[in-house]
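Structure file final.pdb; described as PDB, C-alpha atoms.
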MODEL        1
ATOM      1  CA  MET A   4      85.495 -79.883  36.071
ATOM      2  CA  SER A   5      86.952 -80.121  32.578
ATOM      3  CA  SER A   6      85.114 -81.741  29.705
ATOM      4  CA  ARG A   7      87.966 -84.218  29.386
ATOM      5  CA  ASN A   8      87.327 -85.548  32.906
ATOM      6  CA  VAL A   9      83.629 -85.869  32.189
ATOM      7  CA  GLN A  10      84.326 -87.945  29.095
ATOM      8  CA  THR A  11      86.387 -90.485  31.042
ATOM      9  CA  ARG A  12      83.721 -91.123  33.699
ATOM     10  CA  SER A  13      81.420 -94.132  33.375
ATOM     11  CA  HIS A  14      78.209 -93.379  31.509
ATOM     12  CA  GLY A  15      76.361 -96.253  33.189
ATOM     13  CA  ARG A  16      74.145 -98.910  31.675
ATOM     14  CA  VAL A  17      70.784 -97.170  31.686
ATOM     15  CA  GLN A  18      69.202 -97.632  28.279
ATOM     16  CA  PRO A  19      67.548 -94.728  26.448
ATOM     17  CA  LYS A  20      63.783 -94.587  26.995
ATOM     18  CA  LYS A  21      61.498 -94.144  23.997
ATOM     19  CA  ARG A  22      58.800 -92.465  26.091
ATOM     20  CA  PHE A  23      61.255 -89.665  26.906
ATOM     21  CA  GLY A  24      62.466 -89.406  23.311
ATOM     22  CA  GLN A  25      66.044 -89.956  24.491
ATOM     23  CA  HIS A  26      68.879 -89.835  21.954
ATOM     24  CA  PHE A  27      72.086 -89.185  23.886
ATOM     25  CA  LEU A  28      74.702 -86.973  22.261
ATOM     26  CA  THR A  29      77.989 -88.912  22.284
ATOM     27  CA  SER A  30      80.202 -86.904  19.900
ATOM     28  CA  PRO A  31      82.832 -84.738  21.652
ATOM     29  CA  TYR A  32      83.191 -82.672  18.476
ATOM     30  CA  TYR A  33      79.537 -81.637  18.331
ATOM     31  CA  ALA A  34      79.169 -81.281  22.098
ATOM     32  CA  ARG A  35      82.078 -78.842  22.124
ATOM     33  CA  ARG A  36      80.653 -76.879  19.189
ATOM     34  CA  ILE A  37      77.273 -76.545  20.889
ATOM     35  CA  ALA A  38      78.849 -75.322  24.139
ATOM     36  CA  GLU A  39      81.051 -72.848  22.287
ATOM     37  CA  ALA A  40      78.079 -71.475  20.316
ATOM     38  CA  ILE A  41      76.428 -69.894  23.364
ATOM     39  CA  GLN A  42      77.232 -66.189  23.286
ATOM     40  CA  ALA A  43      77.292 -65.361  26.979
ATOM     41  CA  PRO A  44      79.866 -64.490  29.672
ATOM     42  CA  ALA A  45      81.143 -67.090  32.141
ATOM     43  CA  ASP A  46      78.895 -65.825  34.947
ATOM     44  CA  ALA A  47      75.733 -66.041  32.819
ATOM     45  CA  THR A  48      72.721 -68.099  33.845
ATOM     46  CA  VAL A  49      72.644 -71.078  31.492
ATOM     47  CA  LEU A  50      70.021 -73.831  31.600
ATOM     48  CA  GLU A  51      70.538 -77.185  29.888
ATOM     49  CA  ILE A  52      67.338 -79.053  29.067
ATOM     50  CA  GLY A  53      67.494 -82.843  29.197
ATOM     51  CA  ALA A  54      70.982 -83.222  30.638
ATOM     52  CA  GLY A  55      70.843 -87.016  30.340
ATOM     53  CA  LYS A  56      74.142 -88.623  31.345
ATOM     54  CA  GLY A  57      75.933 -85.286  31.417
ATOM     55  CA  PHE A  58      77.959 -85.518  28.222
ATOM     56  CA  LEU A  59      77.148 -82.052  26.886
ATOM     57  CA  SER A  60      76.936 -80.772  30.467
ATOM     58  CA  GLY A  61      80.671 -81.252  30.949
ATOM     59  CA  TYR A  62      81.493 -78.956  28.044
ATOM     60  CA  LEU A  63      78.963 -76.418  29.290
ATOM     61  CA  LEU A  64      80.444 -76.501  32.788
ATOM     62  CA  SER A  65      83.868 -75.728  31.397
ATOM     63  CA  ARG A  66      82.394 -72.374  30.255
ATOM     64  CA  PHE A  67      79.598 -71.758  32.765
ATOM     65  CA  PRO A  68      80.477 -72.926  36.313
ATOM     66  CA  HIS A  69      77.016 -72.109  37.709
ATOM     67  CA  LEU A  70      75.151 -74.171  35.141
ATOM     68  CA  HIS A  71      71.516 -75.155  35.751
ATOM     69  CA  LEU A  72      70.347 -78.520  34.446
ATOM     70  CA  VAL A  73      66.902 -80.090  34.179
ATOM     71  CA  GLU A  74      66.374 -83.855  33.956
ATOM     72  CA  MET A  75      63.221 -85.872  34.692
ATOM     73  CA  ASP A  76      64.501 -89.447  34.215
ATOM     74  CA  ARG A  77      65.088 -90.619  37.799
ATOM     75  CA  ASP A  78      67.030 -93.695  36.613
ATOM     76  CA  ILE A  79      69.641 -91.553  34.914
ATOM     77  CA  ILE A  80      70.094 -88.859  37.564
ATOM     78  CA  PRO A  81      72.650 -90.852  39.645
ATOM     79  CA  ILE A  82      74.772 -91.277  36.504
ATOM     80  CA  LEU A  83      74.474 -87.568  35.770
ATOM     81  CA  ARG A  84      75.574 -86.636  39.288
ATOM     82  CA  ASP A  85      78.513 -89.062  39.109
ATOM     83  CA  SER A  86      79.566 -87.698  35.714
ATOM     84  CA  LEU A  87      79.603 -84.079  36.865
ATOM     85  CA  GLY A  88      80.987 -84.498  40.384
ATOM     86  CA  GLY A  89      80.975 -81.524  42.723
ATOM     87  CA  GLY A  90      80.756 -77.865  41.840
ATOM     88  CA  GLY A  91      78.425 -74.912  41.650
ATOM     89  CA  TRP A  92      75.932 -76.456  39.233
ATOM     90  CA  THR A  93      72.242 -76.920  40.105
ATOM     91  CA  LEU A  94      70.026 -79.843  39.079
ATOM     92  CA  HIS A  95      66.248 -79.483  38.698
ATOM     93  CA  GLU A  96      64.648 -82.930  38.837
ATOM     94  CA  CYS A  97      61.443 -82.273  36.918
ATOM     95  CA  ASN A  98      59.787 -82.013  33.537
ATOM     96  CA  VAL A  99      61.079 -78.848  31.860
ATOM     97  CA  LEU A 100      57.490 -77.919  30.997
ATOM     98  CA  ASP A 101      56.852 -77.619  34.746
ATOM     99  CA  LEU A 102      59.983 -75.576  35.495
ATOM    100  CA  ASP A 103      59.452 -71.894  36.313
ATOM    101  CA  PHE A 104      62.051 -70.107  34.194
ATOM    102  CA  VAL A 105      61.375 -66.826  35.969
ATOM    103  CA  LYS A 106      62.910 -68.224  39.167
ATOM    104  CA  LEU A 107      66.261 -68.440  37.367
ATOM    105  CA  LYS A 108      68.291 -65.247  37.178
ATOM    106  CA  ALA A 109      67.905 -63.233  33.984
ATOM    107  CA  PRO A 110      69.137 -63.001  31.323
ATOM    108  CA  LEU A 111      68.717 -66.744  30.874
ATOM    109  CA  HIS A 112      70.389 -68.705  28.080
ATOM    110  CA  VAL A 113      68.720 -72.035  27.309
ATOM    111  CA  VAL A 114      70.436 -74.944  25.563
ATOM    112  CA  GLY A 115      69.587 -78.562  24.947
ATOM    113  CA  ASN A 116      69.151 -81.586  22.741
ATOM    114  CA  LEU A 117      65.345 -81.498  22.606
ATOM    115  CA  PRO A 118      63.211 -84.650  22.547
ATOM    116  CA  TYR A 119      61.578 -84.746  19.133
ATOM    117  CA  ASN A 120      58.097 -85.429  20.519
ATOM    118  CA  ILE A 121      57.881 -82.242  22.634
ATOM    119  CA  ALA A 122      60.413 -79.956  20.940
ATOM    120  CA  ALA A 123      57.759 -77.468  19.781
ATOM    121  CA  LEU A 124      56.268 -77.240  23.285
ATOM    122  CA  ILE A 125      59.685 -76.551  24.821
ATOM    123  CA  ILE A 126      60.484 -73.909  22.212
ATOM    124  CA  LYS A 127      57.157 -72.201  22.863
ATOM    125  CA  LYS A 128      57.694 -72.238  26.643
ATOM    126  CA  ALA A 129      61.184 -70.739  26.337
ATOM    127  CA  LEU A 130      60.252 -68.005  23.869
ATOM    128  CA  MET A 131      57.115 -66.983  25.730
ATOM    129  CA  HIS A 132      59.452 -66.049  28.603
ATOM    130  CA  SER A 133      61.165 -63.390  26.461
ATOM    131  CA  PRO A 134      62.830 -61.069  27.402
ATOM    132  CA  HIS A 135      63.690 -63.023  30.591
ATOM    133  CA  VAL A 136      65.182 -65.604  28.207
ATOM    134  CA  ALA A 137      67.924 -64.011  26.105
ATOM    135  CA  SER A 138      68.824 -66.885  23.791
ATOM    136  CA  CYS A 139      68.053 -70.497  22.950
ATOM    137  CA  THR A 140      70.481 -72.948  21.356
ATOM    138  CA  PHE A 141      68.581 -76.128  20.528
ATOM    139  CA  THR A 142      69.355 -79.367  18.735
ATOM    140  CA  VAL A 143      66.226 -80.408  16.848
ATOM    141  CA  GLN A 144      65.241 -82.349  13.763
ATOM    142  CA  ARG A 145      66.703 -80.676  10.688
ATOM    143  CA  GLU A 146      63.223 -80.290   9.220
ATOM    144  CA  VAL A 147      62.083 -78.400  12.335
ATOM    145  CA  ALA A 148      65.165 -76.156  12.251
ATOM    146  CA  GLU A 149      64.529 -75.308   8.605
ATOM    147  CA  ARG A 150      60.933 -74.384   9.430
ATOM    148  CA  ILE A 151      62.091 -72.135  12.278
ATOM    149  CA  VAL A 152      64.423 -70.076  10.065
ATOM    150  CA  SER A 153      62.279 -70.008   6.916
ATOM    151  CA  GLY A 154      61.085 -66.661   5.632
ATOM    152  CA  PRO A 155      58.357 -65.422   3.286
ATOM    153  CA  HIS A 156      57.804 -67.161  -0.054
ATOM    154  CA  SER A 157      59.148 -70.482   1.246
ATOM    155  CA  LYS A 158      57.020 -73.614   1.452
ATOM    156  CA  ARG A 159      58.626 -74.272   4.836
ATOM    157  CA  ASN A 160      57.440 -70.922   6.150
ATOM    158  CA  GLY A 161      54.658 -71.641   8.638
ATOM    159  CA  PHE A 162      53.320 -70.952  12.086
ATOM    160  CA  LEU A 163      56.563 -72.056  13.785
ATOM    161  CA  SER A 164      58.565 -69.676  11.564
ATOM    162  CA  VAL A 165      56.405 -66.663  12.425
ATOM    163  CA  PHE A 166      56.207 -67.628  16.086
ATOM    164  CA  CYS A 167      59.980 -67.912  16.561
ATOM    165  CA  GLN A 168      60.911 -64.885  14.449
ATOM    166  CA  PHE A 169      58.409 -62.706  16.309
ATOM    167  CA  PHE A 170      60.775 -62.899  19.276
ATOM    168  CA  GLY A 171      64.050 -62.224  17.464
ATOM    169  CA  SER A 172      66.552 -63.669  15.009
ATOM    170  CA  ALA A 173      66.885 -67.352  14.168
ATOM    171  CA  LYS A 174      69.664 -69.169  12.342
ATOM    172  CA  ILE A 175      70.917 -72.693  11.818
ATOM    173  CA  LEU A 176      74.464 -72.982  13.155
ATOM    174  CA  PHE A 177      75.319 -76.431  11.828
ATOM    175  CA  HIS A 178      73.891 -79.865  11.119
ATOM    176  CA  VAL A 179      74.501 -82.975  13.237
ATOM    177  CA  PRO A 180      74.542 -86.475  11.685
ATOM    178  CA  PRO A 181      72.669 -89.426  13.235
ATOM    179  CA  GLY A 182      75.968 -91.058  14.197
ATOM    180  CA  ALA A 183      76.593 -88.345  16.803
ATOM    181  CA  PHE A 184      73.817 -89.828  18.983
ATOM    182  CA  PHE A 185      72.976 -93.074  20.747
ATOM    183  CA  PRO A 186      70.724 -94.554  19.645
ATOM    184  CA  LYS A 187      70.993 -93.157  16.148
ATOM    185  CA  PRO A 188      67.875 -91.206  15.138
ATOM    186  CA  ARG A 189      66.429 -91.883  11.715
ATOM    187  CA  VAL A 190      66.769 -88.251  10.704
ATOM    188  CA  GLU A 191      69.492 -85.632  10.582
ATOM    189  CA  SER A 192      69.521 -83.005  13.321
ATOM    190  CA  SER A 193      70.463 -79.342  13.327
ATOM    191  CA  VAL A 194      71.559 -76.856  15.960
ATOM    192  CA  VAL A 195      69.428 -73.744  15.697
ATOM    193  CA  GLN A 196      70.018 -70.573  17.705
ATOM    194  CA  LEU A 197      67.362 -68.034  18.615
ATOM    195  CA  ARG A 198      68.473 -64.671  19.961
ATOM    196  CA  MET A 199      65.700 -62.654  21.573
ATOM    197  CA  ASP A 200      64.896 -59.065  20.641
ATOM    198  CA  GLY A 201      64.900 -56.977  23.800
ATOM    199  CA  GLY A 202      62.139 -54.750  22.441
ATOM    200  CA  VAL A 203      59.645 -57.494  21.677
ATOM    201  CA  GLU A 204      57.060 -56.144  24.124
ATOM    202  CA  GLY A 205      57.207 -52.842  22.271
ATOM    203  CA  ARG A 206      56.116 -54.579  19.061
ATOM    204  CA  LEU A 207      53.052 -56.062  20.721
ATOM    205  CA  PRO A 208      51.937 -55.959  24.372
ATOM    206  CA  ARG A 209      52.463 -59.253  26.184
ATOM    207  CA  GLU A 210      48.768 -59.641  26.968
ATOM    208  CA  GLN A 211      48.083 -59.879  23.218
ATOM    209  CA  TRP A 212      50.708 -62.494  22.368
ATOM    210  CA  GLU A 213      48.441 -65.531  22.688
ATOM    211  CA  VAL A 214      45.679 -63.850  20.685
ATOM    212  CA  PHE A 215      48.131 -62.871  17.950
ATOM    213  CA  PHE A 216      49.555 -66.384  17.701
ATOM    214  CA  SER A 217      46.042 -67.835  17.524
ATOM    215  CA  PHE A 218      45.385 -65.424  14.661
ATOM    216  CA  VAL A 219      48.527 -66.600  12.823
ATOM    217  CA  ASP A 220      47.657 -70.234  13.509
ATOM    218  CA  ARG A 221      44.216 -69.682  11.981
ATOM    219  CA  GLY A 222      45.854 -68.094   8.958
ATOM    220  CA  PHE A 223      47.966 -71.206   8.384
ATOM    221  CA  SER A 224      45.083 -73.597   9.037
ATOM    222  CA  ALA A 225      44.374 -73.765   5.303
ATOM    223  CA  ARG A 226      47.735 -73.200   3.624
ATOM    224  CA  ARG A 227      46.381 -73.629   0.096
ATOM    225  CA  LYS A 228      43.661 -71.028   0.518
ATOM    226  CA  MET A 229      44.044 -67.311   0.023
ATOM    227  CA  LEU A 230      44.360 -65.399   3.274
ATOM    228  CA  VAL A 231      41.376 -63.197   2.475
ATOM    229  CA  ASN A 232      39.226 -66.340   2.543
ATOM    230  CA  THR A 233      40.820 -67.849   5.649
ATOM    231  CA  LEU A 234      40.855 -64.688   7.769
ATOM    232  CA  GLY A 235      37.916 -62.777   6.311
ATOM    233  CA  ARG A 236      34.872 -63.261   8.504
ATOM    234  CA  ASP A 237      32.536 -61.622   6.003
ATOM    235  CA  GLY A 238      32.600 -59.683   2.766
ATOM    236  CA  ALA A 239      33.562 -56.424   4.477
ATOM    237  CA  TRP A 240      36.541 -57.991   6.218
ATOM    238  CA  LYS A 241      37.690 -59.646   3.017
ATOM    239  CA  GLY A 242      37.588 -56.290   1.330
ATOM    240  CA  ARG A 243      39.621 -54.575   4.061
ATOM    241  CA  ILE A 244      42.249 -57.312   4.081
ATOM    242  CA  ALA A 245      42.483 -57.357   0.279
ATOM    243  CA  GLU A 246      42.780 -53.551   0.211
ATOM    244  CA  TYR A 247      45.581 -53.619   2.815
ATOM    245  CA  LEU A 248      47.496 -56.308   0.955
ATOM    246  CA  GLU A 249      47.293 -54.472  -2.342
ATOM    247  CA  ARG A 250      48.264 -51.174  -0.700
ATOM    248  CA  THR A 251      51.448 -52.789   0.594
ATOM    249  CA  GLY A 252      52.293 -54.245  -2.791
ATOM    250  CA  VAL A 253      51.082 -57.761  -2.043
ATOM    251  CA  SER A 254      48.554 -59.575  -4.177
ATOM    252  CA  ALA A 255      45.128 -60.038  -2.630
ATOM    253  CA  ARG A 256      45.482 -63.678  -3.655
ATOM    254  CA  VAL A 257      48.430 -64.162  -1.300
ATOM    255  CA  ARG A 258      48.726 -67.380   0.698
ATOM    256  CA  PRO A 259      49.978 -67.522   4.304
ATOM    257  CA  GLU A 260      53.502 -68.781   3.586
ATOM    258  CA  GLU A 261      54.222 -65.668   1.511
ATOM    259  CA  LEU A 262      54.123 -63.331   4.527
ATOM    260  CA  GLY A 263      56.725 -62.556   7.181
ATOM    261  CA  VAL A 264      56.343 -61.477  10.816
ATOM    262  CA  ASN A 265      55.846 -57.763  10.127
ATOM    263  CA  ALA A 266      53.086 -58.425   7.612
ATOM    264  CA  TRP A 267      51.313 -60.724  10.070
ATOM    265  CA  LEU A 268      51.520 -58.058  12.773
ATOM    266  CA  ALA A 269      50.086 -55.473  10.396
ATOM    267  CA  LEU A 270      47.224 -57.782   9.427
ATOM    268  CA  TYR A 271      46.516 -58.511  13.069
ATOM    269  CA  SER A 272      46.350 -54.794  13.847
ATOM    270  CA  LEU A 273      44.021 -54.273  10.911
ATOM    271  CA  VAL A 274      41.636 -56.991  12.016
ATOM    272  CA  ARG A 275      41.768 -55.784  15.620
ATOM    273  CA  GLY A 276      40.880 -52.298  14.400
ATOM    274  CA  GLN A 277      44.073 -50.682  15.733
TER     275      GLN A 277
ENDMDL
END
Take the structure from the file and write it as structure tokens.
Amino acid sequence: MSSRNVQTRSHGRVQPKKRFGQHFLTSPYYARRIAEAIQAPADATVLEIGAGKGFLSGYLLSRFPHLHLVEMDRDIIPILRDSLGGGGWTLHECNVLDLDFVKLKAPLHVVGNLPYNIAALIIKKALMHSPHVASCTFTVQREVAERIVSGPHSKRNGFLSVFCQFFGSAKILFHVPPGAFFPKPRVESSVVQLRMDGGVEGRLPREQWEVFFSFVDRGFSARRKMLVNTLGRDGAWKGRIAEYLERTGVSARVRPEELGVNAWLALYSLVRGQ
């Protein structure tokens, strides 16, 4: 079904629900740009999170006939089905946090206008399935997108930056104004794309991922403190960390936002005694 046909179907009278964080994308221009941004062949496995009334879904279907969609709002599902009509698409009626991504054929490309209240949880779920998940193209709050792509020496650089960039490259594709949604959010949104690094398990074994991210989270728990004080468990550890930082040309007084992914991995290995 073409995106033009989807646009002319009735979108129904179901009102957006605050508890689901629903802000429906209504701009054909931005919906088309999002669909066109996914770098995958027509037979790829693509999953749209929070399909809503199917507005973006129509543009995705025009590129990916075997589209998978997830939607948990039972009131809106009949409208979604009516909007999309027949075809080879598959609907998963559940919370995306309960969906088993591994059951979908790899490589999986994930796309969606993420609810602001659980965006970080969805991003974490998707990336923790790397390399089964090959890419993510998400619409999020602009502030969140800027944190995702921030690098060392930026005040926006934080746990989310290190977490996302551990898995691959991240970039903001474009910004989306409030008027592109109904109801209008109070903030500007951005479309951010994450492309997974196929060798991520070679950088750090999967069984250590959670421990490493807990280590990074602890490092950012006191952003204004020097890392040697936040991570050092005793005087000896502080000395080892300070020595490593100085050996790599970084001041021992460095704060967490001044480090990138590779430096965090090196610090983690040091503390783990590897």
Which is closer to Arg206 (chain A) than all the others in A:Gln144, A:Ser272, A:Ser172, A:Asn232, using all atoms listed in the file? A:Ser272
Hey, what's within 8 Å of region 35-38 of chain A if we count only C-alpha atoms and toss same-chain stuff fewer than 5 positions away? As a CSV table (one decimal) with C-alpha atoms, in the frame of the given file, please?
chain,number,residue,atom,x,y,z
A,59,LEU,CA,77.1,-82.1,26.9
A,62,TYR,CA,81.5,-79.0,28.0
A,63,LEU,CA,79.0,-76.4,29.3
A,66,ARG,CA,82.4,-72.4,30.3
A,140,THR,CA,70.5,-72.9,21.4
A,194,VAL,CA,71.6,-76.9,16.0
Return the single residue from A:Asn98, A:Ser60, A:Thr29, A:Ser224 that is closest to Ser86 (chain A), with distances computed using all atoms listed in the file.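 Of A:Asn98, A:Ser60, A:Thr29, A:Ser224, the one nearest Ser86 (chain A), counting all atoms listed in the file, is A:Ser60.
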From the set A:Val113, A:His156, A:Pro208, A:Arg275, which residue has the shortest atom-to-atom contact distance to Val253 (chain A), counting only C-alpha atoms?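 The answer is A:His156, which sits nearest to Val253 (chain A).
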What is the distance, in Å and to one decimal place, between CA of Met75 (chain A) and CA of Gln42 (chain A)?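 Separating CA of Met75 (chain A) from CA of Gln42 (chain A) is a distance of 26.7 Å.
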